[in-house]
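To start, the structure under review is shown below, and the notes come after it.
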Amino acid sequence: MTLNEAHQIERCLKSAQFADQVIVVDSGSTDGTPELASRMGAQVQHYLDWQGFGPQRTRLLQHVQADYVFFLDADEVISPALRDELLDAVSKNANVVGKIRWNTFAFGKELRYFVNRSSLERFFKVDNLERYEGAVHEHAVLKKADAPRFVFRAKLDHHTRQTVKGSLEKLTQYAMLGASKRAQRGKRGGVLRGLLSSTVVFFRLYVLRLGFTGGGAGFLLCWFVALEFFFRYAALHYDRDTLSGCIKR
């Protein structure tokens, strides 16, 4: 899924050129992202009426003509080792769900010792994937929910938060979407809740997960994530009546 990703889409698509089909779903880029992706052999589909991350991923599914699908974000890169694992998983023709972990890069630096415990479901047998749900932090809805899970050994390179400007834009989007999601669940917000949440998140990322080993880049990454949690609860209180799950950026 893309929106003004010309600065990094080439790196992403080059890493996926081994695939039988590469699909880019664009939501209104004005920087030449669709044209660049098309020149690199991707099948570009345009869906301008953004309704959230979940609906946009679901739209992508109708264009898949392969037996398996692997979801890749524009700021991610498939390593040769992960490529080999993907091809091996496809060759086994099993109804499985593959999960990935990240090598984290922030502000041009690899955070080599940063502990990233997240594992995200990204690899699916197409005929088992029904749809995606959620405006943000979306999740897959499977026809056979008990399909076996496994985690790829090789990690996916994740070039997150590459500039301060881009990080501020992402902060706004994710904070507001997160607030909207919590409002739908009847959660309460406020400054004190935001301060508590952001403090806990920063301590966990910067200290317990060794973000401090990344120097300034590590601090900025942890700080921006913590700020996202603070403004999520602030918006949940002060902007509750105007929250929407359809924010692009």
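Residues in the structure tokens are numbered from 1 in each chain, the chains being A, B, ... in the order shown, and ligands are numbered from 1 in the order shown.
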*Excluding same-chain residues fewer than 3 positions from A:Gly214, what lies within 12 Å of it counting only C-alpha atoms, as a ChimeraX atom specification?*
/A:104-115,205-207,209-211,217-222
*Determine which residues of stretch 27-209 of chain A DSSP labels as alpha helix (DSSP H) from the backbone of this structure, then write them out as a ChimeraX atom specification.*
/A:33-39,53-61,80-91,164-184,191-203
_Contact residues around A:Ser15 with only C-alpha atoms at 9 Å, ignoring same-chain residues under 5 positions, as a ChimeraX atom specification_ = /A:10,76-80,83
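Looking only at stretch 120-225 of chain A, the set that DSSP places in strand (DSSP E) from backbone geometry is A:Leu120, A:Glu121, A:Arg122, A:Phe123, A:Phe124, A:Lys125, A:Leu129, A:Glu130, A:Arg131, A:Tyr132, A:Glu133, A:His139, A:Ala140, A:Val141, A:Leu142, A:Arg149, A:Phe150, A:Val151, A:Leu156, A:Asp157, A:His158, A:His159, A:Thr160.
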Include N, CA, C and O atoms and write out the residues we just selected as a PDB file, in the first residue's frame.
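Final file, result08.pdb:
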ATOM      1  N   LEU A 120       4.463 -10.351  13.152  1.00  0.00           N
ATOM      2  CA  LEU A 120       3.261  -9.987  12.425  1.00  0.00           C
ATOM      3  C   LEU A 120       2.925 -11.027  11.368  1.00  0.00           C
ATOM      4  O   LEU A 120       3.811 -11.501  10.653  1.00  0.00           O
ATOM      5  N   GLU A 121       1.646 -11.358  11.236  1.00  0.00           N
ATOM      6  CA  GLU A 121       1.219 -12.307  10.219  1.00  0.00           C
ATOM      7  C   GLU A 121       1.234 -11.622   8.858  1.00  0.00           C
ATOM      8  O   GLU A 121       0.513 -10.662   8.628  1.00  0.00           O
ATOM      9  N   ARG A 122       2.053 -12.149   7.924  1.00  0.00           N
ATOM     10  CA  ARG A 122       2.198 -11.510   6.618  1.00  0.00           C
ATOM     11  C   ARG A 122       2.077 -12.481   5.441  1.00  0.00           C
ATOM     12  O   ARG A 122       1.898 -12.047   4.320  1.00  0.00           O
ATOM     13  N   PHE A 123       2.191 -13.765   5.677  1.00  0.00           N
ATOM     14  CA  PHE A 123       2.238 -14.764   4.604  1.00  0.00           C
ATOM     15  C   PHE A 123       1.022 -15.674   4.723  1.00  0.00           C
ATOM     16  O   PHE A 123       0.794 -16.281   5.772  1.00  0.00           O
ATOM     17  N   PHE A 124       0.233 -15.771   3.630  1.00  0.00           N
ATOM     18  CA  PHE A 124      -1.018 -16.514   3.697  1.00  0.00           C
ATOM     19  C   PHE A 124      -1.255 -17.315   2.417  1.00  0.00           C
ATOM     20  O   PHE A 124      -0.834 -16.924   1.327  1.00  0.00           O
ATOM     21  N   LYS A 125      -1.966 -18.421   2.556  1.00  0.00           N
ATOM     22  CA  LYS A 125      -2.561 -19.084   1.404  1.00  0.00           C
ATOM     23  C   LYS A 125      -3.777 -18.239   0.996  1.00  0.00           C
ATOM     24  O   LYS A 125      -4.630 -17.927   1.827  1.00  0.00           O
ATOM     25  N   LEU A 129      -7.564 -16.575   3.045  1.00  0.00           N
ATOM     26  CA  LEU A 129      -7.596 -15.197   3.526  1.00  0.00           C
ATOM     27  C   LEU A 129      -8.885 -14.521   3.069  1.00  0.00           C
ATOM     28  O   LEU A 129      -9.095 -14.278   1.889  1.00  0.00           O
ATOM     29  N   GLU A 130      -9.761 -14.240   4.011  1.00  0.00           N
ATOM     30  CA  GLU A 130     -11.074 -13.688   3.680  1.00  0.00           C
ATOM     31  C   GLU A 130     -11.049 -12.176   3.525  1.00  0.00           C
ATOM     32  O   GLU A 130     -11.526 -11.624   2.550  1.00  0.00           O
ATOM     33  N   ARG A 131     -10.477 -11.492   4.522  1.00  0.00           N
ATOM     34  CA  ARG A 131     -10.420 -10.032   4.478  1.00  0.00           C
ATOM     35  C   ARG A 131      -9.525  -9.526   5.606  1.00  0.00           C
ATOM     36  O   ARG A 131      -9.060 -10.313   6.439  1.00  0.00           O
ATOM     37  N   TYR A 132      -9.324  -8.206   5.600  1.00  0.00           N
ATOM     38  CA  TYR A 132      -8.638  -7.534   6.705  1.00  0.00           C
ATOM     39  C   TYR A 132      -9.627  -6.631   7.425  1.00  0.00           C
ATOM     40  O   TYR A 132     -10.511  -6.044   6.797  1.00  0.00           O
ATOM     41  N   GLU A 133      -9.440  -6.495   8.724  1.00  0.00           N
ATOM     42  CA  GLU A 133     -10.285  -5.615   9.524  1.00  0.00           C
ATOM     43  C   GLU A 133      -9.411  -4.671  10.333  1.00  0.00           C
ATOM     44  O   GLU A 133      -8.310  -5.025  10.751  1.00  0.00           O
ATOM     45  N   HIS A 139      -5.849  -6.563  11.161  1.00  0.00           N
ATOM     46  CA  HIS A 139      -5.572  -7.984  11.315  1.00  0.00           C
ATOM     47  C   HIS A 139      -6.337  -8.775  10.259  1.00  0.00           C
ATOM     48  O   HIS A 139      -7.393  -8.354   9.774  1.00  0.00           O
ATOM     49  N   ALA A 140      -5.810  -9.935   9.922  1.00  0.00           N
ATOM     50  CA  ALA A 140      -6.409 -10.786   8.901  1.00  0.00           C
ATOM     51  C   ALA A 140      -7.537 -11.621   9.494  1.00  0.00           C
ATOM     52  O   ALA A 140      -7.436 -12.116  10.620  1.00  0.00           O
ATOM     53  N   VAL A 141      -8.598 -11.780   8.724  1.00  0.00           N
ATOM     54  CA  VAL A 141      -9.695 -12.679   9.075  1.00  0.00           C
ATOM     55  C   VAL A 141      -9.596 -13.881   8.149  1.00  0.00           C
ATOM     56  O   VAL A 141      -9.673 -13.745   6.923  1.00  0.00           O
ATOM     57  N   LEU A 142      -9.401 -15.055   8.728  1.00  0.00           N
ATOM     58  CA  LEU A 142      -9.162 -16.267   7.945  1.00  0.00           C
ATOM     59  C   LEU A 142     -10.403 -17.151   7.898  1.00  0.00           C
ATOM     60  O   LEU A 142     -11.190 -17.183   8.843  1.00  0.00           O
ATOM     61  N   ARG A 149       0.620 -21.706  12.470  1.00  0.00           N
ATOM     62  CA  ARG A 149       1.470 -20.515  12.381  1.00  0.00           C
ATOM     63  C   ARG A 149       2.934 -20.901  12.522  1.00  0.00           C
ATOM     64  O   ARG A 149       3.265 -21.844  13.237  1.00  0.00           O
ATOM     65  N   PHE A 150       3.783 -20.146  11.863  1.00  0.00           N
ATOM     66  CA  PHE A 150       5.218 -20.303  12.068  1.00  0.00           C
ATOM     67  C   PHE A 150       5.877 -18.945  11.859  1.00  0.00           C
ATOM     68  O   PHE A 150       5.304 -18.041  11.251  1.00  0.00           O
ATOM     69  N   VAL A 151       7.084 -18.781  12.380  1.00  0.00           N
ATOM     70  CA  VAL A 151       7.819 -17.518  12.262  1.00  0.00           C
ATOM     71  C   VAL A 151       9.026 -17.732  11.356  1.00  0.00           C
ATOM     72  O   VAL A 151       9.825 -18.659  11.579  1.00  0.00           O
ATOM     73  N   LEU A 156      12.744  -9.266   8.387  1.00  0.00           N
ATOM     74  CA  LEU A 156      12.423  -8.287   7.364  1.00  0.00           C
ATOM     75  C   LEU A 156      13.043  -6.954   7.778  1.00  0.00           C
ATOM     76  O   LEU A 156      12.879  -6.514   8.913  1.00  0.00           O
ATOM     77  N   ASP A 157      13.790  -6.315   6.876  1.00  0.00           N
ATOM     78  CA  ASP A 157      14.394  -5.020   7.187  1.00  0.00           C
ATOM     79  C   ASP A 157      13.319  -3.946   7.174  1.00  0.00           C
ATOM     80  O   ASP A 157      12.630  -3.752   6.170  1.00  0.00           O
ATOM     81  N   HIS A 158      13.188  -3.239   8.279  1.00  0.00           N
ATOM     82  CA  HIS A 158      12.138  -2.228   8.432  1.00  0.00           C
ATOM     83  C   HIS A 158      12.784  -0.857   8.615  1.00  0.00           C
ATOM     84  O   HIS A 158      13.393  -0.579   9.644  1.00  0.00           O
ATOM     85  N   HIS A 159      12.659  -0.008   7.590  1.00  0.00           N
ATOM     86  CA  HIS A 159      13.240   1.334   7.634  1.00  0.00           C
ATOM     87  C   HIS A 159      12.171   2.312   8.133  1.00  0.00           C
ATOM     88  O   HIS A 159      11.570   3.062   7.367  1.00  0.00           O
ATOM     89  N   THR A 160      11.958   2.291   9.423  1.00  0.00           N
ATOM     90  CA  THR A 160      10.894   3.092  10.019  1.00  0.00           C
ATOM     91  C   THR A 160      11.394   4.480  10.382  1.00  0.00           C
ATOM     92  O   THR A 160      12.589   4.680  10.636  1.00  0.00           O
TER      93      THR A 160
END
*Could you tell me which of A:Ala16, A:Val126, A:Leu36, A:Val90 comes closest to A:Val64 if we count only C-alpha atoms?*
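Checking each of A:Ala16, A:Val126, A:Leu36, A:Val90 against A:Val64, counting only C-alpha atoms, the winner is A:Val126.
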*Point out the residue among A:Met40, A:Phe53, A:Val225, A:Gln65 with the least atom-to-atom distance to A:Asp20, counting only C-alpha atoms.*
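The shortest atom-to-atom distance to A:Asp20 comes from A:Gln65.
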*Skip stretch 187-193 of chain A itself and residues of its chain fewer than 4 positions away, then list as a ChimeraX atom specification all residues within 12 Å of it, counting only C-alpha atoms.*
/A:178-183,197-200,227,229-240
*Work out how far apart atom CA of A:Arg185 and atom CA of A:Gly54 are and give it in Å to one decimal.*
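We find that atom CA of A:Arg185 and atom CA of A:Gly54 lie 17.2 Å from each other.
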_Separation of atom CA of A:Ala81 from atom CA of A:Ala6 in Å_ =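 Distance between the two atoms: 25.5 Å.
Of the residues under consideration (A:Ala226, A:Leu60, A:Ala66, A:Ala145), A:Ala226 shows the shortest atom-to-atom contact distance to A:Gly194 when counting only C-alpha atoms.
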*Interatomic distance between atom CA of A:Ser38 and atom CA of A:Ile23?*
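Going from atom CA of A:Ser38 over to atom CA of A:Ile23 covers 9.5 Å.
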*For A:Lys155, which of A:Phe202, A:Phe212, A:Trp223, A:Trp102 is the closest residue, counting only C-alpha atoms?*
A:Trp102
